[in-house]
Each structure stands twice: as C-alpha cells, then as structure tokens.
file my_file_11.txt (compact mmCIF, C-alpha atoms)
# COMPACT_ATOMS: atom_id res chain seq x y z
CA MET V 1 95.91 139.43 204.44
CA LYS V 2 93.08 141.14 206.30
CA TYR V 3 90.33 138.93 204.86
CA LYS V 4 89.14 135.87 206.79
CA ILE V 5 89.13 132.64 204.79
CA ARG V 6 85.84 131.60 206.39
CA ASP V 7 84.21 134.86 205.23
CA ILE V 8 85.37 134.19 201.67
CA GLU V 9 84.07 130.60 201.82
CA ASN V 10 80.72 131.86 203.14
CA PHE V 11 80.55 134.40 200.31
CA ILE V 12 81.21 131.76 197.64
CA HIS V 13 78.53 129.44 199.01
CA THR V 14 76.04 132.31 199.38
CA SER V 15 76.59 133.34 195.76
CA THR V 16 74.86 130.11 194.65
CA CYS V 17 71.73 130.83 196.70
CA SER V 18 68.80 133.18 196.23
CA THR V 19 68.36 134.10 199.90
CA ILE V 20 70.52 134.47 203.01
CA ILE V 21 68.27 131.98 204.80
CA GLN V 22 68.88 129.31 202.18
CA ALA V 23 72.63 129.94 202.27
CA ALA V 24 72.72 129.70 206.05
CA GLN V 25 70.89 126.37 205.91
CA LYS V 26 73.39 125.01 203.39
CA LEU V 27 76.33 126.20 205.47
CA GLU V 28 74.68 124.92 208.65
CA ILE V 29 75.18 128.21 210.48
CA SER V 30 72.71 130.79 211.79
CA GLN V 31 71.40 133.54 209.54
CA PRO V 32 72.75 136.34 211.79
CA ALA V 33 76.20 134.74 211.78
CA LEU V 34 76.22 134.52 207.99
CA SER V 35 74.96 138.10 207.59
CA GLU V 36 77.70 139.32 209.91
CA SER V 37 80.32 137.36 207.96
CA LEU V 38 79.21 138.88 204.65
CA LYS V 39 79.07 142.42 206.07
CA ARG V 40 82.57 141.98 207.51
CA LEU V 41 83.90 140.89 204.11
CA GLU V 42 82.18 143.82 202.37
CA ALA V 43 83.73 146.19 204.94
CA ASP V 44 87.18 144.65 204.38
CA LEU V 45 86.80 145.02 200.61
CA GLY V 46 85.21 148.45 200.76
CA THR V 47 82.43 147.44 198.35
CA ILE V 48 78.94 145.92 198.27
CA LEU V 49 78.87 142.29 197.10
CA PHE V 50 75.11 141.62 197.12
CA TYR V 51 71.97 143.51 196.24
CA ARG V 52 69.51 142.75 199.06
CA SER V 53 65.73 142.97 198.67
CA ARG V 54 62.59 141.33 199.98
CA SER V 55 62.68 138.85 197.11
CA GLY V 56 66.24 137.73 197.92
CA ILE V 57 69.85 138.52 197.03
CA GLN V 58 71.81 139.02 193.80
CA LEU V 59 75.49 139.60 193.15
CA THR V 60 76.46 143.17 192.33
CA PRO V 61 78.92 143.78 189.45
CA SER V 62 81.68 144.03 192.07
CA GLY V 63 80.40 140.82 193.62
CA ARG V 64 80.65 138.96 190.31
CA VAL V 65 84.23 140.15 189.80
CA PHE V 66 85.22 139.20 193.35
CA LEU V 67 83.54 135.79 193.02
CA GLY V 68 85.96 134.72 190.29
CA LYS V 69 88.96 135.95 192.28
CA ALA V 70 87.69 134.31 195.48
CA GLN V 71 87.13 130.93 193.81
CA ARG V 72 90.64 130.92 192.34
CA ALA V 73 92.16 132.00 195.64
CA LEU V 74 90.29 129.37 197.65
CA GLN V 75 91.27 126.63 195.21
CA SER V 76 94.94 127.63 195.54
CA LEU V 77 94.68 127.52 199.33
CA GLN V 78 93.08 124.07 199.23
CA GLU V 79 95.92 122.79 197.07
CA LEU V 80 98.39 123.96 199.75
CA ASP V 81 96.58 122.09 202.54
CA PHE V 82 98.62 119.03 203.58
CA SER V 83 96.98 118.74 207.00
CA SER V 84 95.00 115.65 206.02
CA ASP V 85 95.81 112.48 204.13
CA GLN V 86 92.29 112.48 202.71
CA VAL V 87 91.53 114.46 199.57
CA ARG V 88 89.50 117.57 200.41
CA VAL V 89 87.52 118.57 197.34
CA PHE V 90 84.20 119.73 198.77
CA ALA V 91 85.69 121.32 201.91
CA GLY V 92 82.23 121.59 203.48
CA ARG V 93 80.45 122.72 200.29
CA THR V 94 77.06 121.07 199.72
CA VAL V 95 75.88 120.82 196.10
CA THR V 96 72.16 120.48 195.39
CA ILE V 97 71.23 118.27 192.43
CA GLY V 98 67.72 118.26 190.98
CA CYS V 99 65.97 115.84 188.62
CA HIS V 100 62.78 113.87 188.11
CA GLY V 101 62.48 110.84 190.39
CA THR V 102 62.71 108.36 187.52
CA VAL V 103 65.65 110.21 185.98
CA ALA V 104 67.38 110.01 189.36
CA GLN V 105 67.20 106.21 189.31
CA TYR V 106 69.40 105.92 186.24
CA SER V 107 71.63 108.98 186.71
CA ILE V 108 72.28 109.55 190.41
CA PRO V 109 73.63 106.17 191.72
CA LYS V 110 76.55 106.05 189.25
CA ALA V 111 77.27 109.73 189.84
CA VAL V 112 77.40 109.26 193.61
CA ALA V 113 79.64 106.20 193.22
CA TYR V 114 81.98 108.35 191.11
CA LEU V 115 82.01 111.09 193.77
CA LYS V 116 82.64 108.57 196.54
CA GLU V 117 85.75 107.37 194.72
CA LYS V 118 87.09 110.74 193.55
CA ALA V 119 86.01 113.01 196.42
CA PRO V 120 85.35 111.09 199.67
CA ASP V 121 84.34 114.31 201.44
CA PHE V 122 81.44 114.92 199.00
CA LYS V 123 78.23 116.50 200.30
CA ILE V 124 75.09 116.60 198.13
CA ASP V 125 71.37 117.21 198.50
CA LEU V 126 68.87 115.70 196.06
CA ARG V 127 65.63 117.37 194.93
CA HIS V 128 63.01 115.65 192.78
CA ASP V 129 60.25 117.24 190.69
CA LEU V 130 59.13 117.64 187.09
CA SER V 131 61.94 118.82 184.82
CA ARG V 132 60.33 122.20 184.15
CA SER V 133 60.10 122.83 187.92
CA ILE V 134 63.72 121.78 188.41
CA GLN V 135 64.83 124.25 185.73
CA THR V 136 62.84 127.04 187.37
CA GLU V 137 64.47 126.34 190.73
CA ILE V 138 67.92 126.40 189.10
CA GLN V 139 67.13 129.83 187.64
CA ARG V 140 66.03 131.03 191.08
CA GLY V 141 69.25 129.72 192.63
CA ASN V 142 67.50 127.14 194.83
CA ILE V 143 69.13 124.19 193.03
CA ASP V 144 72.76 124.18 191.87
CA ILE V 145 72.60 121.76 188.93
CA GLY V 146 69.95 119.55 187.37
CA VAL V 147 69.52 116.62 185.03
CA VAL V 148 66.68 118.12 183.00
CA ILE V 149 64.55 116.56 180.29
CA ASN V 150 63.90 118.90 177.32
CA PRO V 151 65.04 122.12 179.03
CA ALA V 152 63.79 125.44 177.72
CA GLU V 153 66.53 127.49 176.06
CA VAL V 154 67.13 130.55 178.23
CA PRO V 155 70.11 132.94 178.09
CA ASP V 156 70.93 132.90 181.81
CA LEU V 157 71.55 129.15 182.07
CA VAL V 158 74.20 126.75 180.78
CA ILE V 159 72.54 123.81 178.99
CA GLN V 160 74.72 120.86 178.01
CA LYS V 161 73.01 118.18 175.93
CA MET V 162 74.07 114.73 177.11
CA ALA V 163 71.88 111.95 175.74
CA GLN V 164 68.46 111.07 174.34
CA ASP V 165 65.51 108.93 175.38
CA THR V 166 62.38 107.88 173.50
CA VAL V 167 58.90 108.20 174.96
CA GLY V 168 56.67 105.66 173.25
CA VAL V 169 53.80 103.22 173.61
CA TRP V 170 54.57 99.99 175.44
CA ALA V 171 52.55 96.88 176.18
CA ALA V 172 52.94 93.33 177.47
CA LYS V 173 52.08 92.00 174.01
CA ASN V 174 51.50 93.46 170.58
CA GLU V 175 47.73 93.31 170.79
CA SER V 176 44.82 95.78 171.00
CA TYR V 177 43.76 97.41 174.29
CA ASP V 178 40.89 99.74 175.14
CA THR V 179 42.84 101.81 177.70
CA ILE V 180 45.84 104.14 177.72
CA ILE V 181 47.89 104.52 180.93
CA CYS V 182 49.97 107.69 181.00
CA ASN V 183 50.79 110.96 182.72
CA LEU V 184 48.56 113.58 181.10
CA ASN V 185 50.60 116.38 182.70
CA LEU V 186 53.60 115.63 180.46
CA PHE V 187 53.78 117.45 177.14
CA GLN V 188 55.49 114.35 175.69
CA THR V 189 52.30 112.42 176.41
CA GLN V 190 50.10 115.14 174.94
CA SER V 191 52.22 115.19 171.77
CA ILE V 192 51.85 111.42 171.34
CA LEU V 193 48.10 111.46 172.00
CA LYS V 194 47.52 114.21 169.43
CA LYS V 195 49.32 112.22 166.74
CA TRP V 196 47.75 108.87 167.70
CA LYS V 197 44.93 108.28 165.23
CA GLY V 198 42.12 106.04 166.42
CA ARG V 199 43.53 105.86 169.94
CA PRO V 200 41.40 104.41 172.79
CA GLU V 201 39.19 106.95 174.55
CA LYS V 202 39.64 105.47 178.03
CA VAL V 203 42.65 106.99 179.82
CA ILE V 204 44.12 106.30 183.26
CA SER V 205 46.42 109.15 184.32
CA THR V 206 49.14 108.82 186.97
CA ASP V 207 52.40 110.68 187.61
CA SER V 208 54.16 107.42 188.55
CA LEU V 209 56.09 106.03 185.57
CA GLU V 210 56.81 102.89 187.57
CA LEU V 211 53.08 102.30 188.04
CA ILE V 212 52.44 102.83 184.31
CA CYS V 213 54.98 100.11 183.52
CA LYS V 214 53.46 97.70 186.03
CA MET V 215 49.88 98.26 184.81
CA ALA V 216 50.97 97.78 181.19
CA HIS V 217 52.71 94.57 182.25
CA GLU V 218 49.42 93.39 183.79
CA ARG V 219 47.77 93.94 180.38
CA ILE V 220 45.49 96.69 181.66
CA GLY V 221 46.31 98.82 178.64
CA TYR V 222 48.94 100.66 176.63
CA GLY V 223 51.62 102.40 178.69
CA VAL V 224 53.07 105.71 177.47
CA VAL V 225 56.52 105.96 179.08
CA PRO V 226 60.19 106.70 178.32
CA GLY V 227 62.33 103.76 177.27
CA ARG V 228 64.71 104.27 180.19
CA ALA V 229 61.80 103.99 182.64
CA VAL V 230 60.87 100.64 181.09
CA GLU V 231 64.46 99.50 181.34
CA MET V 232 64.61 100.52 185.01
CA SER V 233 61.38 98.62 185.74
CA GLY V 234 62.91 95.31 184.64
CA LEU V 235 59.55 94.30 183.17
CA ASN V 236 59.16 92.50 179.87
CA LEU V 237 57.36 95.17 177.84
CA LYS V 238 57.38 95.58 174.07
CA HIS V 239 57.79 98.91 172.33
CA LEU V 240 54.97 99.24 169.78
CA SER V 241 56.69 101.05 166.93
CA GLN V 242 53.47 101.51 164.93
CA PHE V 243 52.41 104.26 167.36
CA PRO V 244 53.82 107.82 167.65
CA VAL V 245 56.96 108.56 169.68
CA TYR V 246 58.56 111.62 171.26
CA ARG V 247 62.34 112.14 171.44
CA ASP V 248 63.53 113.41 174.83
CA GLN V 249 66.76 115.37 175.25
CA ILE V 250 68.60 114.70 178.52
CA SER V 251 70.69 117.73 179.54
CA LEU V 252 72.75 119.13 182.38
CA VAL V 253 71.51 122.57 183.41
CA TYR V 254 73.18 125.07 185.75
CA ARG V 255 73.83 128.77 186.23
CA PRO V 256 76.93 130.28 184.57
CA GLU V 257 78.64 130.90 187.91
CA PHE V 258 78.40 127.22 188.83
CA GLY V 259 81.33 124.93 188.06
CA LYS V 260 84.12 127.33 189.02
CA ILE V 261 85.38 125.56 192.17
CA PRO V 262 86.63 121.95 192.55
CA ALA V 263 83.49 120.58 194.25
CA GLU V 264 81.21 121.91 191.53
CA LYS V 265 83.51 120.75 188.74
CA MET V 266 83.56 117.29 190.30
CA VAL V 267 79.75 117.09 190.38
CA ILE V 268 79.56 118.03 186.69
CA GLU V 269 82.15 115.34 185.89
CA ALA V 270 80.24 112.77 187.95
CA LEU V 271 76.92 113.44 186.23
CA LYS V 272 78.52 113.36 182.78
CA HIS V 273 80.22 110.07 183.66
CA SER V 274 76.89 108.63 184.76
CA ILE V 275 74.69 109.87 181.90
CA LEU V 276 77.13 109.27 179.06
CA GLY V 277 77.93 105.85 180.44
CA LEU V 278 74.32 104.69 180.30
call {"tool": "encode", "arguments": {"input": "my_file_11.txt", "output": "structure tokens"}}
result
Amino acid sequence: MKYKIRDIENFIHTSTCSTIIQAAQKLEISQPALSESLKRLEADLGTILFYRSRSGIQLTPSGRVFLGKAQRALQSLQELDFSSDQVRVFAGRTVTIGCHGTVAQYSIPKAVAYLKEKAPDFKIDLRHDLSRSIQTEIQRGNIDIGVVINPAEVPDLVIQKMAQDTVGVWAAKNESYDTIICNLNLFQTQSILKKWKGRPEKVISTDSLELICKMAHERIGYGVVPGRAVEMSGLNLKHLSQFPVYRDQISLVYRPEFGKIPAEKMVIEALKHSILGL
C-alpha cells in the first residue's frame, strides 16, 4: 500500500479540528509537518480532502467519504497490533471534553476512572465554560464532545439526552430572607425570577455555584442553584418547593463524525457510564 499509516492517522485527527494549527497542537507536531503529511496523502489519493480558507478547514465530499474508510482501516490495523501487552485504544489520539466547571465535578471523575480501567493509554483535554459556549465550540470543531446543559437543537450536531437536574431555590432554613444569591447570566435563573411573585429586590450575582451554596448556608439569602450543585457542596441546604423551579436537561453533544474510532467510542461510553450512574 502506498499510503503511510501516519498520514492517515494525521488526517483522522485533523478532521476533528477547525484549523491546521489546532490539529498540529493536538498531535504535538509542527504545523509545516502536518501540512506536508496531509498534502502527501492527498497526492497519494489523487483528490483534495480539505477545503482550506482563512477561517479554517472543512472536509470536502471526498474527504468525508475517505474519513469513514480511514477510520475502519485504522481500527483493523490496531486490532492486528500484538506488539504490546497493554491495550492500545487511543493510540496517541487526544479527545477534548467540554462542560461547565460544576458539571465537571459530578461527571468527569467517574468518566476518567472508567477510561483508566478500560483504556490505560487514554489522553484527554478538559475545557470549562458556560454550556452555550461549549456547544458553540463543538460546532466550530474546537471541542470534540461536551456534557451540555439544555443544548440548542441544531441539525449539524448529535444530541443525546442523558439525565435531568432541577434548578430551584435553596436556603439553610425554611424562613424569609431579603436577598437572592444567583447567577443572573443563566437563563434558568431569569426564568425562575420572572415566575417568582413577591421575590426580594436585593440580588447578589456571582457565576460561582459553589459560592452561592456557601452564602445560602451562611443564611445570607436564598440561593438559586441546581440540585446537583447543592449535592456536590455537601452543605445542609433545604429545597424550598413553594418557589418556582427550572428543569435542566443534561446531554452529550458532539459532531456527527465523532464516535467512529475506538478512542472516541470509549469516551462516549465513559461519559454515559458516569452521567447515567449518578
């Protein structure tokens, strides 16, 4: 076969990225070396695999067809590799997982423990931001897969609903307070505040859910937070059911081309194991 295995591996990894620079960083090689590898593969195939522009790269129709063939071929080659006693699932592939910092606390540790057991050669990067930002970065190809709260339904992403959470009003005791502690940038918070009749006018806004829990525990005011955040805090807070709530949907989100090779399949399995086992 005239094709170099390393060129095919580089192509598969690059297909998950939005720029050559990003792909080179993931592969831990120089940008010129990666560009040369991709051009060599295109010359061997006699076709163009990527559209290249100032805004980044995209697979051509031929590139999408070859991607499926390349992933199947590489998987078959990995299954023939008896050179090591250790299971090689990731084979150098780094998978980027995105989620909100609080979501990471209850979803990532179990997922990583699962990967450590099933695929000792695992390589992951973690990115933390608001869920809407994580979803945007997945669409752009900068993040491979995300644990996203209330993702927007878009046709170019796979969205798998996993579990639910409840954003509500919490306090140290079921008594009246003159202050609300919340993150005003969250639409869950805004929804609750709009429905909350006679709510206190004084509001302390912070993007730290952990801090909201601690301040509510100190009886500074009502805390508006997800139930899982309260559980993670370990603090003795009461959910005040007389106030409005918002139901969160916890989902896995990734691009359609993700999940075709063993490393990516294993990450999906690990996250499902973690979230569904909560």
call {"tool": "closest_atom_pairs", "arguments": {"input": "my_file_11.txt", "of": "stretch 216-263 of chain V", "to": "stretch 144-155 of chain V", "cutoff": "7 Å", "atoms": "only C-alpha atoms", "output": "JSON lines"}}
result
{"residue": "V:Asp248", "atom": "CA", "partner": "V:Asn150", "partner_atom": "CA", "distance": 6.0}
{"residue": "V:Gln249", "atom": "CA", "partner": "V:Asn150", "partner_atom": "CA", "distance": 5.0}
{"residue": "V:Ile250", "atom": "CA", "partner": "V:Ile149", "partner_atom": "CA", "distance": 4.8}
{"residue": "V:Ser251", "atom": "CA", "partner": "V:Val148", "partner_atom": "CA", "distance": 5.3}
{"residue": "V:Leu252", "atom": "CA", "partner": "V:Val147", "partner_atom": "CA", "distance": 4.9}
{"residue": "V:Val253", "atom": "CA", "partner": "V:Gly146", "partner_atom": "CA", "distance": 5.2}
{"residue": "V:Tyr254", "atom": "CA", "partner": "V:Ile145", "partner_atom": "CA", "distance": 4.6}
call {"tool": "write_last_selection", "arguments": {"input": "my_file_11.txt", "atoms": "C-alpha atoms", "output": "CSV table (one decimal), in the frame of the given file"}}
result
chain,number,residue,atom,x,y,z
V,248,ASP,CA,63.5,113.4,174.8
V,249,GLN,CA,66.8,115.4,175.2
V,250,ILE,CA,68.6,114.7,178.5
V,251,SER,CA,70.7,117.7,179.5
V,252,LEU,CA,72.8,119.1,182.4
V,253,VAL,CA,71.5,122.6,183.4
V,254,TYR,CA,73.2,125.1,185.8
call {"tool": "atom_distance", "arguments": {"input": "my_file_11.txt", "atom1": "atom CA of V:Leu237", "atom2": "atom CA of V:Gly221"}}
result
11.7 Å
call {"tool": "residues_around", "arguments": {"input": "my_file_11.txt", "residues": "V:Lys26", "least_positions_apart": "6", "cutoff": "9 Å", "atoms": "all atoms listed in the file", "output": "VMD selection string"}}
result
chain V and resid 13 to 14 93 to 95
call {"tool": "closest_residue", "arguments": {"input": "my_file_11.txt", "among": "V:Ile180, V:Ile12, V:Val224, V:Ile212", "to": "V:Glu264", "atoms": "all atoms listed in the file"}}
result
V:Ile12
call {"tool": "closest_residue", "arguments": {"input": "my_file_11.txt", "among": "V:Thr206, V:Gln75, V:Thr47, V:Asn185", "to": "V:Ser131", "atoms": "all atoms listed in the file"}}
result
V:Asn185
call {"tool": "atom_distance", "arguments": {"input": "my_file_11.txt", "atom1": "atom CA of V:Ala104", "atom2": "atom CA of V:Lys265"}}
result
19.4 Å
call {"tool": "closest_residue", "arguments": {"input": "my_file_11.txt", "among": "V:Ile192, V:Leu184, V:Leu209, V:Ile138", "to": "V:Gly227", "atoms": "only C-alpha atoms"}}
result
V:Leu209
call {"tool": "residues_around", "arguments": {"input": "my_file_11.txt", "residues": "V:Ser274", "least_positions_apart": "5", "cutoff": "7 Å", "atoms": "all atoms listed in the file", "output": "ChimeraX atom specification"}}
result
/V:107,110-111
call {"tool": "closest_residue", "arguments": {"input": "my_file_11.txt", "among": "V:Ile124, V:Val167, V:Met162, V:Met232", "to": "V:Gln190", "atoms": "all atoms listed in the file"}}
result
V:Val167
call {"tool": "decode", "arguments": {"input": "my_file_11.txt", "residues": "stretch 227-240 of chain V", "atoms": "all heavy atoms", "output": "compact mmCIF listing (two decimals), in the first residue's frame"}}
result
# COMPACT_ATOMS: atom_id res chain seq x y z
N GLY V 227 -29.80 21.32 41.79
CA GLY V 227 -29.75 20.36 42.88
C GLY V 227 -28.43 19.62 42.95
O GLY V 227 -27.92 19.33 44.04
N ARG V 228 -27.84 19.31 41.80
CA ARG V 228 -26.57 18.57 41.80
C ARG V 228 -25.44 19.42 42.37
O ARG V 228 -24.49 18.90 42.96
CB ARG V 228 -26.24 18.10 40.38
CG ARG V 228 -27.24 17.06 39.85
CD ARG V 228 -26.80 16.53 38.49
NE ARG V 228 -27.86 15.76 37.86
CZ ARG V 228 -28.09 14.47 38.05
NH1 ARG V 228 -27.30 13.80 38.88
NH2 ARG V 228 -29.06 13.85 37.43
N ALA V 229 -25.52 20.74 42.17
CA ALA V 229 -24.51 21.63 42.74
C ALA V 229 -24.60 21.62 44.26
O ALA V 229 -23.59 21.64 44.97
CB ALA V 229 -24.68 23.05 42.20
N VAL V 230 -25.83 21.60 44.78
CA VAL V 230 -26.02 21.53 46.23
C VAL V 230 -25.48 20.21 46.77
O VAL V 230 -24.79 20.16 47.79
CB VAL V 230 -27.52 21.67 46.59
CG1 VAL V 230 -27.72 21.47 48.10
CG2 VAL V 230 -28.04 23.04 46.16
N GLU V 231 -25.77 19.14 46.05
CA GLU V 231 -25.28 17.83 46.48
C GLU V 231 -23.76 17.79 46.50
O GLU V 231 -23.16 17.25 47.44
CB GLU V 231 -25.81 16.76 45.52
CG GLU V 231 -25.42 15.35 45.89
CD GLU V 231 -25.97 14.32 44.92
OE1 GLU V 231 -26.83 14.67 44.09
OE2 GLU V 231 -25.53 13.15 44.97
N MET V 232 -23.12 18.37 45.48
CA MET V 232 -21.66 18.40 45.42
C MET V 232 -21.06 19.24 46.54
O MET V 232 -19.96 18.98 47.01
CB MET V 232 -21.19 18.94 44.07
CG MET V 232 -21.42 18.00 42.89
SD MET V 232 -20.52 16.45 43.04
CE MET V 232 -18.85 17.05 43.20
N SER V 233 -21.79 20.28 46.99
CA SER V 233 -21.27 21.16 48.03
C SER V 233 -21.17 20.47 49.38
O SER V 233 -20.36 20.84 50.22
CB SER V 233 -22.16 22.41 48.16
OG SER V 233 -23.39 22.11 48.81
N GLY V 234 -22.03 19.47 49.60
CA GLY V 234 -22.04 18.77 50.89
C GLY V 234 -22.67 19.57 52.01
O GLY V 234 -22.63 19.15 53.18
N LEU V 235 -23.28 20.70 51.67
CA LEU V 235 -23.88 21.57 52.69
C LEU V 235 -25.33 21.19 52.96
O LEU V 235 -26.02 20.67 52.07
CB LEU V 235 -23.80 23.03 52.24
CG LEU V 235 -22.38 23.58 52.02
CD1 LEU V 235 -22.43 24.97 51.41
CD2 LEU V 235 -21.59 23.60 53.34
N ASN V 236 -25.77 21.45 54.15
CA ASN V 236 -27.13 21.09 54.55
C ASN V 236 -28.10 22.21 54.17
O ASN V 236 -28.45 23.07 54.98
CB ASN V 236 -27.18 20.83 56.07
CG ASN V 236 -28.55 20.32 56.51
OD1 ASN V 236 -29.31 19.79 55.70
ND2 ASN V 236 -28.85 20.48 57.79
N LEU V 237 -28.53 22.19 52.90
CA LEU V 237 -29.47 23.19 52.41
C LEU V 237 -30.81 22.52 52.11
O LEU V 237 -30.86 21.36 51.72
CB LEU V 237 -28.93 23.86 51.14
CG LEU V 237 -27.67 24.71 51.30
CD1 LEU V 237 -27.21 25.22 49.94
CD2 LEU V 237 -27.91 25.87 52.25
N LYS V 238 -31.87 23.29 52.28
CA LYS V 238 -33.22 22.77 52.04
C LYS V 238 -33.77 23.35 50.73
O LYS V 238 -33.64 24.54 50.48
CB LYS V 238 -34.15 23.15 53.20
CG LYS V 238 -33.75 22.57 54.55
CD LYS V 238 -34.73 23.01 55.62
CE LYS V 238 -34.32 22.47 56.99
NZ LYS V 238 -34.35 20.99 57.01
N HIS V 239 -34.36 22.47 49.93
CA HIS V 239 -35.02 22.93 48.72
C HIS V 239 -36.39 23.49 49.09
O HIS V 239 -37.21 22.79 49.68
CB HIS V 239 -35.17 21.80 47.71
CG HIS V 239 -35.92 22.21 46.48
ND1 HIS V 239 -36.96 21.49 45.94
CD2 HIS V 239 -35.79 23.31 45.68
CE1 HIS V 239 -37.42 22.09 44.88
NE2 HIS V 239 -36.73 23.20 44.69
N LEU V 240 -36.66 24.74 48.76
CA LEU V 240 -37.92 25.40 49.10
C LEU V 240 -38.90 25.21 47.94
O LEU V 240 -38.89 25.97 46.96
CB LEU V 240 -37.67 26.88 49.40
CG LEU V 240 -36.59 27.15 50.47
CD1 LEU V 240 -36.46 28.64 50.72
CD2 LEU V 240 -36.90 26.40 51.76
